[in-house]
Protein chains: 4
Amino acid sequence: MSVQAPGPLRWAMVGGGQDAFIGAVHRLAGRLDGHYALVAGALSSTPERSLASGEALGLERVYPDYQALIAGELARPEDERVQVVSIVTPNDLHYPVALACVQAGFHVICDKPLTHTLAQARELQAAVEASGTVFAVTYNYSGYPLVRQARQMVQDGVLGELRRVTAEYHQGWLAQEQDAGNKQAAWRTDPARSGPAGALGDIGTHAEQLVSYVTGLHLEELCADLSTFVPGRRLDDDVAVLLRFQGGARGVLSATQVEIGRENDLRLSVHGTLGSLHWRQEQPNELLYDTLDAPRQTLTRGGPGLGTAAQAATRLPAGHPEAFIEAFANIYSGAAADIRARQAGQTVQADYPGVQDGVQGVQFVEDVLRSSREGGWVQAAVPQADAGKGEQP
Amino acid sequence: MSVQAPGPLRWAMVGGGQDAFIGAVHRLAGRLDGHYALVAGALSSTPERSLASGEALGLERVYPDYQALIAGELARPEDERVQVVSIVTPNDLHYPVALACVQAGFHVICDKPLTHTLAQARELQAAVEASGTVFAVTYNYSGYPLVRQARQMVQDGVLGELRRVTAEYHQGWLAQEQDAGNKQAAWRTDPARSGPAGALGDIGTHAEQLVSYVTGLHLEELCADLSTFVPGRRLDDDVAVLLRFQGGARGVLSATQVEIGRENDLRLSVHGTLGSLHWRQEQPNELLYDTLDAPRQTLTRGGPGLGTAAQAATRLPAGHPEAFIEAFANIYSGAAADIRARQAGQTVQADYPGVQDGVQGVQFVEDVLRSSREGGWVQAAVPQADAGKGEQP
Amino acid sequence: MSVQAPGPLRWAMVGGGQDAFIGAVHRLAGRLDGHYALVAGALSSTPERSLASGEALGLERVYPDYQALIAGELARPEDERVQVVSIVTPNDLHYPVALACVQAGFHVICDKPLTHTLAQARELQAAVEASGTVFAVTYNYSGYPLVRQARQMVQDGVLGELRRVTAEYHQGWLAQEQDAGNKQAAWRTDPARSGPAGALGDIGTHAEQLVSYVTGLHLEELCADLSTFVPGRRLDDDVAVLLRFQGGARGVLSATQVEIGRENDLRLSVHGTLGSLHWRQEQPNELLYDTLDAPRQTLTRGGPGLGTAAQAATRLPAGHPEAFIEAFANIYSGAAADIRARQAGQTVQADYPGVQDGVQGVQFVEDVLRSSREGGWVQAAVPQADAGKGEQP
Amino acid sequence: MSVQAPGPLRWAMVGGGQDAFIGAVHRLAGRLDGHYALVAGALSSTPERSLASGEALGLERVYPDYQALIAGELARPEDERVQVVSIVTPNDLHYPVALACVQAGFHVICDKPLTHTLAQARELQAAVEASGTVFAVTYNYSGYPLVRQARQMVQDGVLGELRRVTAEYHQGWLAQEQDAGNKQAAWRTDPARSGPAGALGDIGTHAEQLVSYVTGLHLEELCADLSTFVPGRRLDDDVAVLLRFQGGARGVLSATQVEIGRENDLRLSVHGTLGSLHWRQEQPNELLYDTLDAPRQTLTRGGPGLGTAAQAATRLPAGHPEAFIEAFANIYSGAAADIRARQAGQTVQADYPGVQDGVQGVQFVEDVLRSSREGGWVQAAVPQADAGKGEQP
């Protein structure tokens with residue numbers, strides 16, 4: 001993490017006004033490693049609130065909406081112009097804002113799920129490929145050092161041939177009927193803002209990306225059970241999916257927002273012919289590693305036995321825990337490294353989720369919805385660009 | 001557990017000879033609370049090994065096979081005759097031995113899965129009902145005090161209306177191709193001895209019974225993914241099942257014997273509209289309890305806040321851990337209490353799994369196999385005697 | 001644990017009547033492995049209660065007091081006579097009962113702390129040596145398989161030269177002024193029954209024995225801080241001790257009964273030049289093992305990487321937890337093996353705490369009391385028979 | 001944490017050049033919440049390395065040494081001049097640099113232990129009081145939200161009258177003789193750079209401050225056992241201390257850097273007449289809370305049941321773990337709030353450790369060294385300004 005930055009990137013934010021949760025997280029993450037300086041924003045859904053939020057943050061340039069931001073920045077000299085835009089709006093705006101930013105030549109860091117529909121996602125992917133801009137999707141859990149360790153161990157064959165994967169993302173904060181009165185709940189449970197999926201899109205896609213990122217497996221078939229437990233809710237708040245991967249591995253993925261007492265309980269287990277790994281987001285500095293005929297080992301962030309990927313994502317010695325913001329910042333720093341490399345005409349192997357991960361998440365949502373509608377096993381959609389994920393080593 | 005016994009019950013064992021795992025467990029469990037005195041046995045599959053095993057255990061009366069045991073004991077005066085027979089053979093012998101014992105009027109404690117087929121299980125159930133004997137099935141995990149606490153909390157409505165249940169029973173000891181050389185593996189992976197199911201029957205049925213015991217929910221539909229990961233194995237070694245219960249609750253049940261590093265990792269989570277419970281067999285003296293808007297509580301065996309069911313199943317103060325053998329012995333002691341009550345012409349509400357639990361387990365196996373064969377959701381078989389489970393309070 | 005017993009030993013109990021905690025534990029432990037058959041007892045402090053308790057237990061021979069028991073049994077033919085006596089009275093009776101039993105030629109299993117004074121303990125030790133009887137002291141925590149693993153690893157040099165040892169035994173059940181109304185509390189906080197030490201004697205001696213058993217270190221100096229926190233209590237309820245061992249290792253030992261929320265929280269950490277071990281009684285099936293420059297390993301009872309001592313103390317496969325009663329039974333089974341060996345004129349290396357451990361515990365109590373009285377560092381008493389502990393391998 | 005900053009404070013750093021651990025941590029912490037902009041520095045012990053390090057960081061103004069920094073900044077117009085200086089040098093420079101900065105009117109954020117001698121610490125304290133500048137000492141562990149929760153619970157009387165406190169700070173990274181080759185080890189084990197104490201000063205003072213911060217107790221007497229286990233090392237690497245507090249509470253504090261496998265294992269337990277708390281730095285988002293006669297509760301950062309102090313120190317919802325950097329940043333943000341308040345002529349109750357905490361740490365070091373030298377209990381030095389700690393609410 002010690003690459004010296006030639007001054008921070010000029011950075012704008014769309015969404016993330018006062019009281020927004022994820023916008024504040026992006027600001028913490030962007031600030032942590034010193035690679036970004038927030039200079040502009042269109043932070044809210046109304047011009048008035050945008051301006052008030054921007055002022056409260058002390059931004060130099062506050063715009064009433066994203067169109068004004070794009071136009072205003074394009075009008076500035078290139079050495080003052082914003083270089084990268086973070087999109088932290090409710091889901092329904094991801095597509096139009098991202099498309100406009102990409103087409104205007106800005107690098108983009110966009111929240112997930114990428115879009116409401118697969119068609120939108122693929123259109124966006126094509127635009128990114130045409131523009132040559134960096135496009136990161138904040139599947140932030142792949143920024144944890146021990147998640148990267150897990151991925152590297154799988155890639156290195158340490159687990160042998162994979163057999164079974166379990167991914168759980170369980171929360172409880174939507175267990176009660178409170179959607180209207182809770183800003184975070186309100187848009188997430190509104191199909192117009194959130195898209196066709198509730199818990200599935202909000203957290204199920206994180207679980208799917210984590211599986212894909214760590215295992216490299218490709219879905220072949222799935223069978224989903226989608227539920228809405230809270231009366232009156234218009235989107236799913238719980239989903240469980242049986243997964244079959246190309247090559248024969250199997251999996252179970254579950255995501256719920258109605259299990260009382262669960263905070264942000266994302267877990268991943270990967271089992272192969274030679275060993276097993278267990279990781280848990282709420283205790284992110286440990287990775288349990290089992291092998292045949294030996295005691296369990298606990299790999300720790302910064303501790304002995306780690307590979308290069310984890311080391312590169314680590315700031316502090318073992319026992320000095322890094323956590324959510326640091327993992328999030330690893331995505332931001334990966335994108336920054338790629339932006340700077342492209343500015344310098346170089347190619348780097350920066351590790352961050354890209355537009356292909358975003359497309360794949362929307363595909364997953366559509367596959368799960370189809371299985372739920374049809375009531376049984378369905379073929380997973382074939383990714384258009386299977387190799388995809390050019391941004392990852 | 002302090003009911004005073006009027007001398008131990010005269011007890012015989014079929015199966016459980018030298019090197020058998022589960023027979024030794026039954027002997028420890030039967031001995032612990034002093035309710036059983038092992039006096040007779042037909043301990044192995046050949047007369048020679050039966051006799052050798054019986055001698056090694058210092059049994060008074062050793063028989064070459066179960067037929068001889070039944071005949072020999074019936075020939076003795078009633079006040080010397082064995083009163084209860086434990087059946088701890090490989091699965092294929094459960095049905096004939098149990099049927100013969102029940103028809104001869106012996107009380108029976110039988111291992112699970114009860115039989116190979118549902119027809120056999122129902123025939124056995126009818127025989128038990130006709131004979132009036134006690135018939136316990138050693139779904140031993142329901143003997144843990146905190147499992148009983150969980151059941152009582154559900155029954156008392158503490159969790160509200162149930163929404164989601166997760167049961168996992170994960171082991172790793174069959175991750176490699178070693179079946180032939182391992183006595184425990186050999187019969188469990190042989191369809192002739194084990195029956196139509198591998199991991200599903202061996203441990204999946206434990207998970208199913210635990211769900212049923214704690215939640216009282218009835219299966220309505222299920223969708224299963226059954227796998228055999230180890231090349232050459234003739235039975236499943238891994239299964240995952242989506243569950244839909246009458247009344248709308250959903251669940252996921254998984255059982256595997258190929259996850260390297262898992263020892264005997266049985267876990268249960270139950271989530272309702274008012275709270276959640278988590279229990280794990282490898283740390284059986286804790287029950288995590290979550291409610292709306294309050295910190296998580298950790299209920300402990302012997303600790304504050306427990307109900308009568310857990311207290312009745314507890315021998316030692318908090319912090320003095322009880323474990324597998326003690327839970328197993330709770331099943332034995334429950335059966336003993338019922339036997340003695342019947343001897344005295346009384347009715348007790350002894351808490352142990354009965355023949356109906358055994359039938360239900362075989363039903364579950366058949367349902368899962370059918371779902372796997374047909375490839376999708378299937379209706380769960382309707383239990384014949386829905387109320388069933390007369391042995392449980 | 002599979003040595004075949006030639007019929008159980010004829011066993012009597014002094015103390016352990018109705019409502020007694022530790023007597024019931026001894027009965028469970030003696031019964032578990034089938035090596036003991038309880039045939040006689042003098043179970044309570046009054047003849048009436050002794051007789052009632054014995055009847056409730058269904059004992060063949062019930063005596064009004066221990067003198068009558070000894071006389072009565074000596075009067076019986078040798079092949080009916082009790083062979084071994086367990087002493088589970090309040091502390092004040094350990095000395096007279098044990099001495100009488102040993103002098104009468106009975107093998108003895110005695111609770112700790114052994115006696116009120118070091119002089120008594122040494123007298124008892126001399127009597128044991130003179131009689132040639134087996135004398136076990138139920139420092140039961142040394143019966144846990146992973147404690148034995150830890151001991152073996154230290155003996156094998158796996159940890160290198162020892163540097164630091166931490167032993168904590170923390171409970172909370174005496175945090176309030178309730179001594180009079182609680183049978184267990186009443187005698188433990190009464191100097192006439194309990195002896196000169198409260199928490200120090202009751203649980204501090206367990207911690208001391210655990211340190212000694214696992215490390216083999218000999219105390220050289222200590223400095224203690226003894227406290228009585230609950231107003232009106234006549235004995236200590238909390239103690240912390242700095243330890244210096246021969247050879248340069250250091251330690252901290254603490255024992256308390258007033259830390260609210262602690263159940264039976266006994267922990268041991270041992271650190272050497274090559275590695276470290278951590279064990280905790282409330283999770284007794286795990287032993288954490290750290291080495292230089294490698295990830296932490298978790299050794300599990302029944303799992304890979306264990307030595308012969310742990311294996312010999314294990315009944316069940318990994319993941320099938322054994323706990324307090326099983327560890328306690330390991331002490332009983334060790335004593336039984338030694339009794340039978342002596343009956344057969346053989347010598348065995350049975351692993352159980354003997355009279356020397358008992359003497360050492362009383363020495364430790366006296367040393368701590370002296371340090372507390374004098375206010376600073378004191379020399380530890382030199383054990384009379386330093387090699388001692390002939391009963392342990 | 002949402003107070004809007006009127007532009008970040010102009011910030012300089014003394015020490016913290018390339019390869020320094022703690023300097024990088026201070027930069028992350030200062031950057032996270034946006035309250036500080038690093039504009040100047042004298043980062044290393046030689047002018048050449050200072051300049052190289054400053055350039056690598058992209059600093060506007062790089063000075064060869066701290067004297068030049070002070071002179072250079074004082075020469076600048078007030079609205080460009082550095083406002084606050086962080087001192088992150090080896091310990092020997094804390095005193096001269098801090099004194100010079102304070103006397104020049106800069107606010108200071110200084111690492112611990114504050115100085116080598118108590119006389120120096122008191123001189124510094126007097127200078128701070130004379131100058132009216134903000135002086136924060138980075139006892140960063142008091143920045144954790146759940147540590148602040150613990151403090152608030154003690155202050156609110158939730159635990160009743162305190163009885164026992166245990167603080168452990170155990171590391172293993174100095175278990176081997178490697179001091180010369182390890183930059184972090186080299187100065188820490190050199191009395192000229194580190195001062196009179198090794199592990200005691202480096203981490204023992206953190207443990208002492210944590211006890212003091214959470215409990216508010218004042219030391220009355222202590223008895224210490226100071227050790228140097230690694231051959232050839234010139235300072236202690238291990239210490240255990242018995243503590244007696246005014247009012248009757250007792251404690252044990254231990255700090256070691258030679259326990260193999262320990263990473264940064266700082267733990268605190270506090271026990272009173274009504275309840276107990278347990279906190280562990282490596283799992284900082286949980287606080288275990290026990291009360292009389294109720295199950296244990298696990299308080300979580302961001303979760304239900306927390307007080308205002310924890311909430312004010314929290315950025316993210318429950319389950320999104322915050323960790324070391326965030327806690328460190330809470331100290332920085334507390335100091336920033338106080339600096340801005342003083343600039344505005346206001347008084348705030350910002351929560352950060354001040355010069356009095358630093359003085360107290362040096363007192364503790366001197367008391368422990370005295371006890372070790374004299375061999376027994378010593379009176380703790382009476383703090384000059386007992387009320388002290390004006391910076392904390």
# chains A, B, ... in the order shown; residues from 1 in each chain; ligands from 1
$ interface_residues --of "chain A" --to "chain B" --cutoff "6 Å" --atoms "only C-alpha atoms" --output "PyMOL selection string"
chain A and resi 259-261+271+275-276+290+376
$ residues_around --residues "range 333-348 of chain C" --least-positions-apart "5" --cutoff "7 Å" --atoms "only C-alpha atoms" --output "list of chain:residue names"
C:His35, C:Val134, C:Ala136
$ select_by_dssp --residues "range 134-198 of chain C" --states "strand (DSSP E or B)" --output "count of residues only"
12
$ residues_around --residues "Gly16 in chain A" --least-positions-apart "4" --cutoff "6 Å" --atoms "only C-alpha atoms" --output "list in words"
Ala20, Gly23, Leu43 and Val88 of chain A
$ write_last_selection --atoms "all heavy atoms" --output "PDB file, in the first residue's frame"
ATOM      1  N   ALA A  20     -27.022   9.844   4.588  1.00  0.00           N
ATOM      2  CA  ALA A  20     -26.806   8.645   3.780  1.00  0.00           C
ATOM      3  C   ALA A  20     -25.711   7.820   4.449  1.00  0.00           C
ATOM      4  O   ALA A  20     -24.715   8.353   4.933  1.00  0.00           O
ATOM      5  CB  ALA A  20     -26.389   9.021   2.370  1.00  0.00           C
ATOM      6  N   GLY A  23     -22.610   6.796   1.436  1.00  0.00           N
ATOM      7  CA  GLY A  23     -21.787   7.909   0.982  1.00  0.00           C
ATOM      8  C   GLY A  23     -20.704   8.233   1.996  1.00  0.00           C
ATOM      9  O   GLY A  23     -19.534   8.454   1.639  1.00  0.00           O
ATOM     10  N   LEU A  43     -25.020  15.749  -4.310  1.00  0.00           N
ATOM     11  CA  LEU A  43     -25.086  14.766  -3.224  1.00  0.00           C
ATOM     12  C   LEU A  43     -26.488  14.281  -2.888  1.00  0.00           C
ATOM     13  O   LEU A  43     -26.633  13.355  -2.102  1.00  0.00           O
ATOM     14  CB  LEU A  43     -24.452  15.364  -1.970  1.00  0.00           C
ATOM     15  CG  LEU A  43     -22.980  15.762  -2.141  1.00  0.00           C
ATOM     16  CD1 LEU A  43     -22.551  16.668  -1.012  1.00  0.00           C
ATOM     17  CD2 LEU A  43     -22.095  14.527  -2.170  1.00  0.00           C
ATOM     18  N   VAL A  88     -23.056   6.842  -5.446  1.00  0.00           N
ATOM     19  CA  VAL A  88     -23.518   6.221  -4.192  1.00  0.00           C
ATOM     20  C   VAL A  88     -24.988   6.543  -3.960  1.00  0.00           C
ATOM     21  O   VAL A  88     -25.440   6.712  -2.830  1.00  0.00           O
ATOM     22  CB  VAL A  88     -22.651   6.704  -3.007  1.00  0.00           C
ATOM     23  CG1 VAL A  88     -21.236   6.188  -3.164  1.00  0.00           C
ATOM     24  CG2 VAL A  88     -22.624   8.230  -2.924  1.00  0.00           C
TER      25      VAL A  88
END
$ residues_around --residues "Gly195 in chain C" --least-positions-apart "4" --cutoff "12 Å" --atoms "only C-alpha atoms" --output "list of chain:residue names"
C:Pro90, C:Asn91, C:Asp92, C:Leu93, C:His94, C:Tyr95, C:Lys112, C:Pro113, C:Leu114, C:Thr115, C:His116, C:Thr117, C:Leu118, C:Trp187, C:Arg188, C:Thr189, C:Asp190, C:Pro191, C:Ala199, C:Leu200, C:Gly201, C:Asp202, C:Arg234, C:Leu235, C:Asp236, C:Val362, C:Val365, C:Glu366, C:Leu369
$ select_by_dssp --residues "range 12-199 of chain C" --states "helix (DSSP H, G or I)" --output "ChimeraX atom specification"
/C:21-32,47-56,66-74,91-103,118-131,140-143,145-155,179-181,183-188,191-194,199
$ residues_around --residues "Asp33 in chain D" --least-positions-apart "3" --cutoff "12 Å" --atoms "only C-alpha atoms" --output "number ranges by chain"
A: 24-34, 57, 325; D: 1-5, 7-9, 27-30, 36-37, 313-315, 325-334, 336-337
$ atom_distance --atom1 "CA of Ser131 in chain C" --atom2 "CA of Val108 in chain C"
11.4 Å
$ atom_distance --atom1 "CA of Gly319 in chain A" --atom2 "CA of Asn264 in chain D"
4.4 Å
$ residues_around --residues "Val97 in chain A" --least-positions-apart "4" --cutoff "12 Å" --atoms "only C-alpha atoms" --output "PyMOL selection string"
chain A and resi 13-15+42+65-70+85-93+101-104+106+108-111+114-115+120+124
$ atom_distance --atom1 "CA of Ala121 in chain A" --atom2 "CA of Ala185 in chain A"
24.2 Å
$ residues_around --residues "Gly54 in chain C" --least-positions-apart "3" --cutoff "8 Å" --atoms "only C-alpha atoms" --output "VMD selection string"
chain C and resid 17 40 to 43 50 to 51 57 to 59 61 to 62
$ decode --residues "range 208-219 of chain A" --atoms "all heavy atoms" --output "mmCIF file, in the first residue's frame"
data_model
loop_
_atom_site.group_PDB
_atom_site.id
_atom_site.type_symbol
_atom_site.label_atom_id
_atom_site.label_comp_id
_atom_site.auth_asym_id
_atom_site.auth_seq_id
_atom_site.Cartn_x
_atom_site.Cartn_y
_atom_site.Cartn_z
ATOM 1 N N GLU A 208 -22.666 -13.544 -3.663
ATOM 2 C CA GLU A 208 -22.361 -14.158 -4.963
ATOM 3 C C GLU A 208 -20.979 -13.718 -5.439
ATOM 4 O O GLU A 208 -20.173 -14.535 -5.911
ATOM 5 C CB GLU A 208 -23.455 -13.764 -5.981
ATOM 6 C CG GLU A 208 -23.254 -14.303 -7.381
ATOM 7 C CD GLU A 208 -22.325 -13.461 -8.239
ATOM 8 O OE1 GLU A 208 -22.288 -12.230 -8.045
ATOM 9 O OE2 GLU A 208 -21.616 -14.030 -9.095
ATOM 10 N N GLN A 209 -20.698 -12.412 -5.324
ATOM 11 C CA GLN A 209 -19.410 -11.921 -5.798
ATOM 12 C C GLN A 209 -18.271 -12.503 -4.965
ATOM 13 O O GLN A 209 -17.202 -12.815 -5.484
ATOM 14 C CB GLN A 209 -19.384 -10.384 -5.746
ATOM 15 C CG GLN A 209 -18.237 -9.765 -6.536
ATOM 16 C CD GLN A 209 -17.011 -9.473 -5.677
ATOM 17 O OE1 GLN A 209 -17.060 -9.495 -4.456
ATOM 18 N NE2 GLN A 209 -15.886 -9.213 -6.342
ATOM 19 N N LEU A 210 -18.506 -12.643 -3.673
ATOM 20 C CA LEU A 210 -17.471 -13.197 -2.811
ATOM 21 C C LEU A 210 -17.141 -14.632 -3.227
ATOM 22 O O LEU A 210 -15.967 -15.024 -3.303
ATOM 23 C CB LEU A 210 -17.946 -13.154 -1.351
ATOM 24 C CG LEU A 210 -16.896 -13.384 -0.293
ATOM 25 C CD1 LEU A 210 -15.852 -12.273 -0.296
ATOM 26 C CD2 LEU A 210 -17.538 -13.460 1.091
ATOM 27 N N VAL A 211 -18.184 -15.405 -3.494
ATOM 28 C CA VAL A 211 -17.977 -16.780 -3.972
ATOM 29 C C VAL A 211 -17.169 -16.771 -5.269
ATOM 30 O O VAL A 211 -16.180 -17.495 -5.429
ATOM 31 C CB VAL A 211 -19.330 -17.483 -4.194
ATOM 32 C CG1 VAL A 211 -19.144 -18.796 -4.950
ATOM 33 C CG2 VAL A 211 -20.026 -17.731 -2.864
ATOM 34 N N SER A 212 -17.600 -15.953 -6.182
ATOM 35 C CA SER A 212 -16.952 -15.917 -7.491
ATOM 36 C C SER A 212 -15.505 -15.443 -7.371
ATOM 37 O O SER A 212 -14.587 -16.008 -7.982
ATOM 38 C CB SER A 212 -17.753 -14.986 -8.404
ATOM 39 O OG SER A 212 -17.091 -14.767 -9.620
ATOM 40 N N TYR A 213 -15.311 -14.408 -6.577
ATOM 41 C CA TYR A 213 -13.978 -13.823 -6.420
ATOM 42 C C TYR A 213 -13.006 -14.830 -5.801
ATOM 43 O O TYR A 213 -11.871 -14.981 -6.264
ATOM 44 C CB TYR A 213 -14.079 -12.582 -5.528
ATOM 45 C CG TYR A 213 -12.774 -11.896 -5.259
ATOM 46 C CD1 TYR A 213 -12.180 -11.074 -6.215
ATOM 47 C CD2 TYR A 213 -12.118 -12.063 -4.039
ATOM 48 C CE1 TYR A 213 -10.978 -10.436 -5.969
ATOM 49 C CE2 TYR A 213 -10.918 -11.426 -3.782
ATOM 50 C CZ TYR A 213 -10.348 -10.621 -4.748
ATOM 51 O OH TYR A 213 -9.147 -9.989 -4.502
ATOM 52 N N VAL A 214 -13.445 -15.504 -4.784
ATOM 53 C CA VAL A 214 -12.536 -16.418 -4.074
ATOM 54 C C VAL A 214 -12.338 -17.724 -4.830
ATOM 55 O O VAL A 214 -11.224 -18.237 -4.926
ATOM 56 C CB VAL A 214 -13.050 -16.687 -2.640
ATOM 57 C CG1 VAL A 214 -12.278 -17.825 -1.986
ATOM 58 C CG2 VAL A 214 -12.939 -15.416 -1.801
ATOM 59 N N THR A 215 -13.420 -18.269 -5.373
ATOM 60 C CA THR A 215 -13.310 -19.614 -5.955
ATOM 61 C C THR A 215 -13.009 -19.599 -7.441
ATOM 62 O O THR A 215 -12.509 -20.594 -7.973
ATOM 63 C CB THR A 215 -14.616 -20.408 -5.777
ATOM 64 O OG1 THR A 215 -15.638 -19.807 -6.593
ATOM 65 C CG2 THR A 215 -15.063 -20.416 -4.328
ATOM 66 N N GLY A 216 -13.377 -18.530 -8.148
ATOM 67 C CA GLY A 216 -13.249 -18.547 -9.598
ATOM 68 C C GLY A 216 -14.224 -19.487 -10.280
ATOM 69 O O GLY A 216 -14.152 -19.684 -11.495
ATOM 70 N N LEU A 217 -15.132 -20.075 -9.528
ATOM 71 C CA LEU A 217 -16.083 -21.016 -10.124
ATOM 72 C C LEU A 217 -17.145 -20.279 -10.936
ATOM 73 O O LEU A 217 -17.508 -19.143 -10.630
ATOM 74 C CB LEU A 217 -16.768 -21.831 -9.022
ATOM 75 C CG LEU A 217 -15.885 -22.819 -8.263
ATOM 76 C CD1 LEU A 217 -16.641 -23.394 -7.068
ATOM 77 C CD2 LEU A 217 -15.425 -23.954 -9.185
ATOM 78 N N HIS A 218 -17.661 -20.966 -11.956
ATOM 79 C CA HIS A 218 -18.738 -20.413 -12.773
ATOM 80 C C HIS A 218 -20.017 -21.192 -12.525
ATOM 81 O O HIS A 218 -20.026 -22.420 -12.569
ATOM 82 C CB HIS A 218 -18.378 -20.508 -14.255
ATOM 83 C CG HIS A 218 -17.208 -19.662 -14.606
ATOM 84 N ND1 HIS A 218 -17.295 -18.303 -14.810
ATOM 85 C CD2 HIS A 218 -15.899 -19.977 -14.743
ATOM 86 C CE1 HIS A 218 -16.092 -17.821 -15.084
ATOM 87 N NE2 HIS A 218 -15.225 -18.809 -15.049
ATOM 88 N N LEU A 219 -21.098 -20.466 -12.286
ATOM 89 C CA LEU A 219 -22.395 -21.090 -12.042
ATOM 90 C C LEU A 219 -22.893 -21.821 -13.281
ATOM 91 O O LEU A 219 -22.768 -21.318 -14.403
ATOM 92 C CB LEU A 219 -23.427 -20.027 -11.678
ATOM 93 C CG LEU A 219 -23.631 -19.765 -10.200
ATOM 94 C CD1 LEU A 219 -24.672 -18.677 -10.016
ATOM 95 C CD2 LEU A 219 -24.086 -21.041 -9.505
#
